[in-house]
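Listing of my_file38.pdb, PDB, C-alpha atoms and all ligand atoms
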ATOM      1  CA  MET C   1      31.329   7.095   2.732  1.00  0.00           C
ATOM      2  CA  SER C   2      28.420   9.147   1.493  1.00  0.00           C
ATOM      3  CA  PRO C   3      27.444  12.045   3.783  1.00  0.00           C
ATOM      4  CA  PRO C   4      23.880  11.983   5.131  1.00  0.00           C
ATOM      5  CA  LEU C   5      21.207  13.628   3.003  1.00  0.00           C
ATOM      6  CA  GLN C   6      20.374  16.998   4.526  1.00  0.00           C
ATOM      7  CA  LEU C   7      16.629  16.516   4.570  1.00  0.00           C
ATOM      8  CA  ARG C   8      14.125  18.934   6.064  1.00  0.00           C
ATOM      9  CA  PHE C   9      10.497  18.154   6.797  1.00  0.00           C
ATOM     10  CA  VAL C  10       8.319  20.392   4.599  1.00  0.00           C
ATOM     11  CA  LEU C  11       4.743  19.267   5.150  1.00  0.00           C
ATOM     12  CA  SER C  12       2.412  16.344   5.498  1.00  0.00           C
ATOM     13  CA  ALA C  13      -0.084  16.543   2.635  1.00  0.00           C
ATOM     14  CA  PRO C  14      -3.520  14.952   3.077  1.00  0.00           C
ATOM     15  CA  SER C  15      -4.122  15.321  -0.674  1.00  0.00           C
ATOM     16  CA  ILE C  16      -2.050  15.843  -3.781  1.00  0.00           C
ATOM     17  CA  ASN C  17      -3.227  19.456  -4.213  1.00  0.00           C
ATOM     18  CA  GLN C  18      -1.294  20.383  -1.120  1.00  0.00           C
ATOM     19  CA  LEU C  19       2.078  19.094  -2.275  1.00  0.00           C
ATOM     20  CA  PRO C  20       4.846  21.689  -2.606  1.00  0.00           C
ATOM     21  CA  ASP C  21       6.308  22.816  -5.923  1.00  0.00           C
ATOM     22  CA  SER C  22       9.345  20.716  -6.592  1.00  0.00           C
ATOM     23  CA  PRO C  23      11.567  20.253  -9.638  1.00  0.00           C
ATOM     24  CA  ALA C  24      12.369  16.596  -8.896  1.00  0.00           C
ATOM     25  CA  GLU C  25      10.960  14.025  -6.540  1.00  0.00           C
ATOM     26  CA  VAL C  26      11.706  10.514  -5.297  1.00  0.00           C
ATOM     27  CA  ALA C  27       8.777   8.619  -3.761  1.00  0.00           C
ATOM     28  CA  PHE C  28       8.971   5.794  -1.232  1.00  0.00           C
ATOM     29  CA  ILE C  29       6.100   3.372  -1.521  1.00  0.00           C
ATOM     30  CA  GLY C  30       5.486  -0.111  -0.155  1.00  0.00           C
ATOM     31  CA  ARG C  31       3.514  -2.214   2.247  1.00  0.00           C
ATOM     32  CA  SER C  32       2.739  -0.814   5.621  1.00  0.00           C
ATOM     33  CA  ASN C  33       5.566  -1.675   8.034  1.00  0.00           C
ATOM     34  CA  VAL C  34       8.070  -2.431   5.248  1.00  0.00           C
ATOM     35  CA  GLY C  35      10.381   0.310   6.552  1.00  0.00           C
ATOM     36  CA  LYS C  36       9.753   3.382   4.359  1.00  0.00           C
ATOM     37  CA  SER C  37       9.970   5.957   7.154  1.00  0.00           C
ATOM     38  CA  SER C  38      12.956   4.188   8.730  1.00  0.00           C
ATOM     39  CA  LEU C  39      14.762   4.342   5.406  1.00  0.00           C
ATOM     40  CA  VAL C  40      14.130   8.085   5.004  1.00  0.00           C
ATOM     41  CA  ASN C  41      15.602   8.552   8.483  1.00  0.00           C
ATOM     42  CA  ALA C  42      18.627   6.371   7.690  1.00  0.00           C
ATOM     43  CA  LEU C  43      19.370   8.364   4.525  1.00  0.00           C
ATOM     44  CA  ALA C  44      19.370  11.533   6.623  1.00  0.00           C
ATOM     45  CA  ARG C  45      21.123   9.801   9.547  1.00  0.00           C
ATOM     46  CA  ARG C  46      18.318  10.973  11.795  1.00  0.00           C
ATOM     47  CA  THR C  47      15.979   9.038  14.036  1.00  0.00           C
ATOM     48  CA  ASP C  48      13.073  11.415  14.267  1.00  0.00           C
ATOM     49  CA  LEU C  49      12.627  13.015  10.862  1.00  0.00           C
ATOM     50  CA  ALA C  50       9.963  10.600   9.602  1.00  0.00           C
ATOM     51  CA  LYS C  51       7.721   8.946  12.171  1.00  0.00           C
ATOM     52  CA  VAL C  52       8.445   5.256  12.664  1.00  0.00           C
ATOM     53  CA  SER C  53       6.086   2.911  14.421  1.00  0.00           C
ATOM     54  CA  LYS C  54       5.587  -0.719  15.279  1.00  0.00           C
ATOM     55  CA  THR C  55       1.904  -0.145  14.494  1.00  0.00           C
ATOM     56  CA  PRO C  56       1.290  -0.506  10.764  1.00  0.00           C
ATOM     57  CA  GLY C  57      -0.401   2.425   9.069  1.00  0.00           C
ATOM     58  CA  ARG C  58       1.479   5.127  10.956  1.00  0.00           C
ATOM     59  CA  THR C  59       2.061   7.229   7.842  1.00  0.00           C
ATOM     60  CA  GLN C  60      -1.311   8.334   6.484  1.00  0.00           C
ATOM     61  CA  HIS C  61      -0.373  11.410   4.481  1.00  0.00           C
ATOM     62  CA  LEU C  62       2.165  12.192   1.799  1.00  0.00           C
ATOM     63  CA  ASN C  63       5.053  13.360   3.960  1.00  0.00           C
ATOM     64  CA  CYS C  64       7.394  15.671   2.107  1.00  0.00           C
ATOM     65  CA  PHE C  65      11.034  16.401   2.828  1.00  0.00           C
ATOM     66  CA  ASP C  66      13.293  18.653   0.804  1.00  0.00           C
ATOM     67  CA  LEU C  67      16.973  18.345   0.176  1.00  0.00           C
ATOM     68  CA  ASP C  68      18.908  21.222   1.689  1.00  0.00           C
ATOM     69  CA  GLY C  69      19.677  23.999  -0.755  1.00  0.00           C
ATOM     70  CA  THR C  70      17.268  22.733  -3.394  1.00  0.00           C
ATOM     71  CA  ALA C  71      13.505  22.441  -3.684  1.00  0.00           C
ATOM     72  CA  ALA C  72      13.839  18.793  -4.722  1.00  0.00           C
ATOM     73  CA  THR C  73      11.734  16.484  -2.583  1.00  0.00           C
ATOM     74  CA  ILE C  74      11.422  13.043  -1.099  1.00  0.00           C
ATOM     75  CA  VAL C  75       7.924  11.761  -0.358  1.00  0.00           C
ATOM     76  CA  ASP C  76       7.219   9.099   2.270  1.00  0.00           C
ATOM     77  CA  ALA C  77       3.868   7.719   1.123  1.00  0.00           C
ATOM     78  CA  PRO C  78       1.260   5.867   3.181  1.00  0.00           C
ATOM     79  CA  GLY C  79       1.701   2.111   3.187  1.00  0.00           C
ATOM     80  CA  TYR C  80      -0.664  -0.263   1.428  1.00  0.00           C
ATOM     81  CA  GLY C  81      -2.006  -3.579   2.649  1.00  0.00           C
ATOM     82  CA  PHE C  82      -2.653  -2.500   6.193  1.00  0.00           C
ATOM     83  CA  ALA C  83      -4.930  -5.412   7.030  1.00  0.00           C
ATOM     84  CA  SER C  84      -6.551  -4.079  10.165  1.00  0.00           C
ATOM     85  CA  ALA C  85      -7.631  -0.716   8.726  1.00  0.00           C
ATOM     86  CA  PRO C  86     -11.310  -0.426   7.813  1.00  0.00           C
ATOM     87  CA  LYS C  87     -11.926  -1.065   4.102  1.00  0.00           C
ATOM     88  CA  ARG C  88     -13.045   2.505   3.522  1.00  0.00           C
ATOM     89  CA  VAL C  89      -9.835   3.914   5.015  1.00  0.00           C
ATOM     90  CA  ARG C  90      -7.710   1.497   3.017  1.00  0.00           C
ATOM     91  CA  ALA C  91      -9.463   2.448  -0.197  1.00  0.00           C
ATOM     92  CA  SER C  92      -8.941   6.166   0.346  1.00  0.00           C
ATOM     93  CA  TRP C  93      -5.210   5.706   1.021  1.00  0.00           C
ATOM     94  CA  GLN C  94      -4.803   3.612  -2.057  1.00  0.00           C
ATOM     95  CA  GLN C  95      -6.707   6.101  -4.149  1.00  0.00           C
ATOM     96  CA  MET C  96      -4.544   8.977  -2.949  1.00  0.00           C
ATOM     97  CA  THR C  97      -1.286   7.138  -3.572  1.00  0.00           C
ATOM     98  CA  GLU C  98      -2.386   6.037  -7.046  1.00  0.00           C
ATOM     99  CA  GLU C  99      -3.542   9.524  -7.948  1.00  0.00           C
ATOM    100  CA  TYR C 100      -0.268  10.906  -6.629  1.00  0.00           C
ATOM    101  CA  LEU C 101       1.825   8.488  -8.691  1.00  0.00           C
ATOM    102  CA  LEU C 102      -0.160   9.142 -11.848  1.00  0.00           C
ATOM    103  CA  LYS C 103      -0.356  12.930 -11.620  1.00  0.00           C
ATOM    104  CA  ARG C 104       2.905  13.998 -10.054  1.00  0.00           C
ATOM    105  CA  GLU C 105       4.926  15.131 -13.034  1.00  0.00           C
ATOM    106  CA  ASN C 106       8.218  15.691 -11.222  1.00  0.00           C
ATOM    107  CA  LEU C 107       8.634  12.033 -10.194  1.00  0.00           C
ATOM    108  CA  GLU C 108      12.152  11.002 -11.135  1.00  0.00           C
ATOM    109  CA  MET C 109      12.025   7.674  -9.321  1.00  0.00           C
ATOM    110  CA  VAL C 110       9.555   5.552  -7.397  1.00  0.00           C
ATOM    111  CA  LEU C 111      11.277   3.359  -4.840  1.00  0.00           C
ATOM    112  CA  VAL C 112       9.156   0.257  -4.334  1.00  0.00           C
ATOM    113  CA  LEU C 113      10.127  -1.197  -0.979  1.00  0.00           C
ATOM    114  CA  VAL C 114       9.793  -4.932  -0.468  1.00  0.00           C
ATOM    115  CA  ASP C 115      10.422  -6.628   2.883  1.00  0.00           C
ATOM    116  CA  GLY C 116      13.712  -8.513   2.477  1.00  0.00           C
ATOM    117  CA  GLU C 117      12.804 -10.972   5.191  1.00  0.00           C
ATOM    118  CA  ILE C 118       9.487 -12.070   3.723  1.00  0.00           C
ATOM    119  CA  GLY C 119       9.978 -11.275   0.029  1.00  0.00           C
ATOM    120  CA  PRO C 120       7.368  -9.766  -2.289  1.00  0.00           C
ATOM    121  CA  THR C 121       3.773 -10.403  -1.236  1.00  0.00           C
ATOM    122  CA  LYS C 122       0.948 -10.873  -3.730  1.00  0.00           C
ATOM    123  CA  LEU C 123       0.056  -7.226  -3.190  1.00  0.00           C
ATOM    124  CA  ASP C 124       3.665  -6.108  -3.832  1.00  0.00           C
ATOM    125  CA  VAL C 125       3.613  -7.978  -7.131  1.00  0.00           C
ATOM    126  CA  GLU C 126       0.281  -6.376  -8.073  1.00  0.00           C
ATOM    127  CA  VAL C 127       1.665  -2.925  -7.301  1.00  0.00           C
ATOM    128  CA  LEU C 128       4.816  -3.636  -9.323  1.00  0.00           C
ATOM    129  CA  ASP C 129       2.732  -4.866 -12.249  1.00  0.00           C
ATOM    130  CA  TRP C 130       0.638  -1.695 -12.111  1.00  0.00           C
ATOM    131  CA  ILE C 131       3.753   0.514 -11.939  1.00  0.00           C
ATOM    132  CA  ARG C 132       5.153  -1.246 -14.979  1.00  0.00           C
ATOM    133  CA  HIS C 133       1.826  -0.959 -16.761  1.00  0.00           C
ATOM    134  CA  VAL C 134       1.669   2.816 -16.240  1.00  0.00           C
ATOM    135  CA  GLN C 135       5.398   3.036 -17.036  1.00  0.00           C
ATOM    136  CA  LEU C 136       6.681   4.839 -13.991  1.00  0.00           C
ATOM    137  CA  PRO C 137      10.445   4.892 -13.429  1.00  0.00           C
ATOM    138  CA  HIS C 138      10.997   2.590 -10.481  1.00  0.00           C
ATOM    139  CA  THR C 139      13.604   0.714  -8.457  1.00  0.00           C
ATOM    140  CA  VAL C 140      12.940  -2.159  -6.075  1.00  0.00           C
ATOM    141  CA  VAL C 141      14.548  -1.738  -2.660  1.00  0.00           C
ATOM    142  CA  ALA C 142      14.640  -4.782  -0.365  1.00  0.00           C
ATOM    143  CA  THR C 143      14.526  -3.735   3.309  1.00  0.00           C
ATOM    144  CA  LYS C 144      15.577  -5.306   6.632  1.00  0.00           C
ATOM    145  CA  HIS C 145      18.699  -6.978   5.232  1.00  0.00           C
ATOM    146  CA  ASP C 146      19.786  -7.536   8.858  1.00  0.00           C
ATOM    147  CA  LYS C 147      16.837  -9.855   9.422  1.00  0.00           C
ATOM    148  CA  VAL C 148      17.953 -12.280   6.712  1.00  0.00           C
ATOM    149  CA  LYS C 149      20.425 -14.845   8.080  1.00  0.00           C
ATOM    150  CA  ALA C 150      23.811 -14.742   6.346  1.00  0.00           C
ATOM    151  CA  SER C 151      23.506 -18.429   5.490  1.00  0.00           C
ATOM    152  CA  VAL C 152      20.368 -17.907   3.366  1.00  0.00           C
ATOM    153  CA  ARG C 153      21.144 -14.461   1.913  1.00  0.00           C
ATOM    154  CA  ASP C 154      22.263 -15.522  -1.551  1.00  0.00           C
ATOM    155  CA  LYS C 155      19.248 -17.770  -1.980  1.00  0.00           C
ATOM    156  CA  ARG C 156      16.895 -15.084  -0.637  1.00  0.00           C
ATOM    157  CA  LYS C 157      18.372 -12.487  -2.993  1.00  0.00           C
ATOM    158  CA  ARG C 158      17.736 -14.761  -5.965  1.00  0.00           C
ATOM    159  CA  GLU C 159      14.212 -15.610  -4.807  1.00  0.00           C
ATOM    160  CA  LEU C 160      13.246 -12.019  -4.074  1.00  0.00           C
ATOM    161  CA  ALA C 161      14.492 -10.845  -7.472  1.00  0.00           C
ATOM    162  CA  GLU C 162      12.673 -13.678  -9.201  1.00  0.00           C
ATOM    163  CA  GLY C 163       9.477 -12.848  -7.298  1.00  0.00           C
ATOM    164  CA  CYS C 164       9.726  -9.310  -8.696  1.00  0.00           C
ATOM    165  CA  SER C 165      10.569 -10.565 -12.232  1.00  0.00           C
ATOM    166  CA  LEU C 166      14.032  -8.993 -11.954  1.00  0.00           C
ATOM    167  CA  ILE C 167      17.637 -10.147 -11.677  1.00  0.00           C
ATOM    168  CA  PRO C 168      19.445  -9.883  -8.300  1.00  0.00           C
ATOM    169  CA  SER C 169      21.668  -6.968  -9.416  1.00  0.00           C
ATOM    170  CA  ASP C 170      18.533  -4.857 -10.123  1.00  0.00           C
ATOM    171  CA  ILE C 171      17.611  -4.834  -6.434  1.00  0.00           C
ATOM    172  CA  VAL C 172      19.060  -2.425  -3.882  1.00  0.00           C
ATOM    173  CA  TRP C 173      19.313  -4.218  -0.531  1.00  0.00           C
ATOM    174  CA  VAL C 174      19.279  -2.044   2.592  1.00  0.00           C
ATOM    175  CA  SER C 175      19.135  -2.216   6.340  1.00  0.00           C
ATOM    176  CA  ALA C 176      18.038   1.010   7.971  1.00  0.00           C
ATOM    177  CA  SER C 177      19.064  -0.311  11.378  1.00  0.00           C
ATOM    178  CA  LYS C 178      22.520  -1.627  10.408  1.00  0.00           C
ATOM    179  CA  GLY C 179      23.336   0.856   7.639  1.00  0.00           C
ATOM    180  CA  VAL C 180      23.685  -1.737   4.869  1.00  0.00           C
ATOM    181  CA  GLY C 181      23.308  -0.229   1.391  1.00  0.00           C
ATOM    182  CA  ILE C 182      22.543   3.248   2.733  1.00  0.00           C
ATOM    183  CA  ASP C 183      25.591   4.970   1.179  1.00  0.00           C
ATOM    184  CA  ARG C 184      24.740   3.567  -2.227  1.00  0.00           C
ATOM    185  CA  LEU C 185      21.114   4.622  -1.957  1.00  0.00           C
ATOM    186  CA  ARG C 186      22.121   8.132  -0.835  1.00  0.00           C
ATOM    187  CA  ASP C 187      24.229   8.516  -3.966  1.00  0.00           C
ATOM    188  CA  LEU C 188      21.369   7.266  -6.143  1.00  0.00           C
ATOM    189  CA  VAL C 189      18.844   9.609  -4.490  1.00  0.00           C
ATOM    190  CA  ARG C 190      21.203  12.568  -5.014  1.00  0.00           C
ATOM    191  CA  LEU C 191      21.522  11.619  -8.651  1.00  0.00           C
ATOM    192  CA  TRP C 192      17.754  11.316  -9.188  1.00  0.00           C
ATOM    193  CA  LEU C 193      16.981  14.548  -7.312  1.00  0.00           C
ATOM    194  CA  GLY C 194      19.715  16.396  -9.179  1.00  0.00           C
ATOM    195  CA  ARG C 195      18.126  15.628 -12.524  1.00  0.00           C
ATOM    196  CA  GLY C 196      15.385  18.189 -12.229  1.00  0.00           C
ATOM    197  CA  THR C 197      17.411  20.934 -10.526  1.00  0.00           C
TER     198      THR C 197
HETATM  199  N1  LIG P   1      15.346  -5.086  11.858  1.00  0.00           N
HETATM  200  C1  LIG P   1      14.960  -4.029  11.133  1.00  0.00           C
HETATM  201  N2  LIG P   1      13.778  -3.436  11.418  1.00  0.00           N
HETATM  202  C2  LIG P   1      13.414  -2.379  10.658  1.00  0.00           C
HETATM  203  C3  LIG P   1      14.223  -1.889   9.597  1.00  0.00           C
HETATM  204  N3  LIG P   1      13.571  -0.850   9.018  1.00  0.00           N
HETATM  205  C4  LIG P   1      12.415  -0.693   9.705  1.00  0.00           C
HETATM  206  N4  LIG P   1      12.309  -1.602  10.685  1.00  0.00           N
HETATM  207  C5  LIG P   1      11.194  -1.740  11.652  1.00  0.00           C
HETATM  208  O1  LIG P   1       9.980  -1.989  10.961  1.00  0.00           O
HETATM  209  C6  LIG P   1       8.882  -1.319  11.590  1.00  0.00           C
HETATM  210  C7  LIG P   1       8.161  -0.428  10.602  1.00  0.00           C
HETATM  211  O2  LIG P   1       9.030   0.602  10.174  1.00  0.00           O
HETATM  212  P1  LIG P   1       8.489   1.950   9.483  1.00  0.00           P
HETATM  213  O3  LIG P   1       9.697   2.661   8.973  1.00  0.00           O
HETATM  214  O4  LIG P   1       7.591   2.698  10.419  1.00  0.00           O
HETATM  215  O5  LIG P   1       7.612   1.329   8.291  1.00  0.00           O
HETATM  216  P2  LIG P   1       6.702   2.105   7.219  1.00  0.00           P
HETATM  217  O6  LIG P   1       6.893   1.397   5.924  1.00  0.00           O
HETATM  218  O7  LIG P   1       7.019   3.564   7.230  1.00  0.00           O
HETATM  219  O8  LIG P   1       5.225   1.820   7.773  1.00  0.00           O
HETATM  220  P3  LIG P   1       3.861   2.675   7.515  1.00  0.00           P
HETATM  221  O9  LIG P   1       4.148   4.100   7.874  1.00  0.00           O
HETATM  222  O10 LIG P   1       2.894   1.992   8.415  1.00  0.00           O
HETATM  223  O11 LIG P   1       3.488   2.508   6.084  1.00  0.00           O
HETATM  224  C8  LIG P   1       9.482  -0.559  12.785  1.00  0.00           C
HETATM  225  O12 LIG P   1       9.318  -1.357  13.950  1.00  0.00           O
HETATM  226  C9  LIG P   1      10.958  -0.434  12.399  1.00  0.00           C
HETATM  227  O13 LIG P   1      11.797  -0.315  13.529  1.00  0.00           O
HETATM  228  C10 LIG P   1      15.480  -2.538   9.351  1.00  0.00           C
HETATM  229  O14 LIG P   1      16.276  -2.205   8.451  1.00  0.00           O
HETATM  230  N5  LIG P   1      15.785  -3.599  10.145  1.00  0.00           N
HETATM  231 MG    MG P   2       5.836   5.186   7.589  1.00  0.00          MG
END
In structure tokens, write the structure found in this file.
Ligand SMILES: Nc1nc2c(ncn2[C@@H]2O[C@H](COP(=O)(O)OP(=O)(O)OP(=O)(O)O)[C@@H](O)[C@H]2O)c(=O)[nH]1
Ligand SMILES: [Mg+2]
Amino acid sequence: MSPPLQLRFVLSAPSINQLPDSPAEVAFIGRSNVGKSSLVNALARRTDLAKVSKTPGRTQHLNCFDLDGTAATIVDAPGYGFASAPKRVRASWQQMTEEYLLKRENLEMVLVLVDGEIGPTKLDVEVLDWIRHVQLPHTVVATKHDKVKASVRDKRKRELAEGCSLIPSDIVWVSASKGVGIDRLRDLVRLWLGRGT
């Protein structure tokens, strides 16, 4: 078993200029409500570190956490595709996240979260295409494994990978609520954060 990541909330940055100095960073991006904040909490085995909400669009800033004993950081980014937000608000979130991804030089890995129950949406595929186009290091994480019935899991894993133009073994499946895949992801995050320190 992999011990929880000792994460500490550093700050919630409304713009990229306010991000802390950090030698290595892992970013969590994905549709609003996909489970980014829940996953950060699961990695730390905490319930209240990152704010989780049933209301999409809860995370509006770049929320930074550092790994105990290092200055390496995890960033929980605002979600995209929050349908009920006014267009102007949506555009400014998207702009900030894009600027962040393009300018942040310490990014060791971008975790692109895709809802395991519903698979990649059109918007997820567009984001993945853009990430590939700008050549950012990235890993697709499929969330809410517990919501996929055991009887359809193999098929869903194949379909989700195909939808992301990947093979099933490229995808890290997790369930923040049931703990599936969390140990493996903790080890990967430690590895990525250790690179710059
Ligand atoms: N069943 C199940 N529900 C989950 C899981 N992870 C997250 N959820 C639920 O999904 C909803 C959204 O979770 P968040 O972690 O707030 O999602 P987010 O991606 O941070 O959303 P934004 O901050 O709006 O971008 C909450 O109701 C969570 O309880 C999971 O592994 N399994
Ligand atoms: Mg969130």
Selected residue of minimal separation from Gly116 (chain C) among C:Leu43, C:Ala50, C:Val34, C:Leu11, counting all atoms listed in the file: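 Comparing C:Leu43, C:Ala50, C:Val34, C:Leu11 against Gly116 (chain C), the winner is C:Val34.
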Residues within 12 Å of (23.5, 0.6, 1.0), file coordinates, counting all atoms listed in the file: what are they? Give the list as a compact mmCIF listing (two decimals) with C-alpha atoms, in the frame of the given file.
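And here is the file that came out, result38.txt:
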# COMPACT_ATOMS: atom_id res chain seq x y z
CA MET C 1 31.33 7.10 2.73
CA SER C 2 28.42 9.15 1.49
CA LEU C 39 14.76 4.34 5.41
CA ALA C 42 18.63 6.37 7.69
CA LEU C 43 19.37 8.36 4.53
CA VAL C 141 14.55 -1.74 -2.66
CA ALA C 142 14.64 -4.78 -0.36
CA THR C 143 14.53 -3.74 3.31
CA LYS C 144 15.58 -5.31 6.63
CA HIS C 145 18.70 -6.98 5.23
CA ASP C 146 19.79 -7.54 8.86
CA ILE C 171 17.61 -4.83 -6.43
CA VAL C 172 19.06 -2.42 -3.88
CA TRP C 173 19.31 -4.22 -0.53
CA VAL C 174 19.28 -2.04 2.59
CA SER C 175 19.14 -2.22 6.34
CA ALA C 176 18.04 1.01 7.97
CA SER C 177 19.06 -0.31 11.38
CA LYS C 178 22.52 -1.63 10.41
CA GLY C 179 23.34 0.86 7.64
CA VAL C 180 23.68 -1.74 4.87
CA GLY C 181 23.31 -0.23 1.39
CA ILE C 182 22.54 3.25 2.73
CA ASP C 183 25.59 4.97 1.18
CA ARG C 184 24.74 3.57 -2.23
CA LEU C 185 21.11 4.62 -1.96
CA ARG C 186 22.12 8.13 -0.84
CA ASP C 187 24.23 8.52 -3.97
CA LEU C 188 21.37 7.27 -6.14
CA VAL C 189 18.84 9.61 -4.49
Within 12 Å of ligand MG 2 (chain P), counting only C-alpha atoms and all ligand atoms, residues as an MDAnalysis selection string: chainID C and resid 12 28:41 48:64 75:80 82 113
Selection dump of the PyMOL selection byres (((chain C and resi 70-72) around 7) and not hetatm), as a list in words: Ser22, Pro23, Ala24, Glu25, Asp66, Leu67, Asp68, Gly69, Thr73 and Leu193 of chain C
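Rounded to one decimal, CA of Arg104 (chain C) and CA of Ile16 (chain C) lie 8.2 Å from each other.
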Quick check, in Å to one decimal: how far apart do CA of Phe9 (chain C) and atom O7 of ligand LIG 1 (chain P) lie?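 Atom-to-atom, CA of Phe9 (chain C) and atom O7 of ligand LIG 1 (chain P) are spaced 15.0 Å apart.
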Nearest-residue call for ligand LIG 1 (chain P), choices C:Ala91, C:Leu136, C:Val114, C:Leu7, using all atoms listed in the file: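 Ranked by minimum distance to ligand LIG 1 (chain P), first place goes to C:Val114.
For the pair CA of Glu98 (chain C) and CA of Glu117 (chain C), the separation is 25.9 Å.
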Taking into account only C-alpha atoms and all ligand atoms, which residue in the set C:Val112, C:Leu166, C:Val152, C:Val26 is nearest to ligand LIG 1 (chain P)? C:Val112
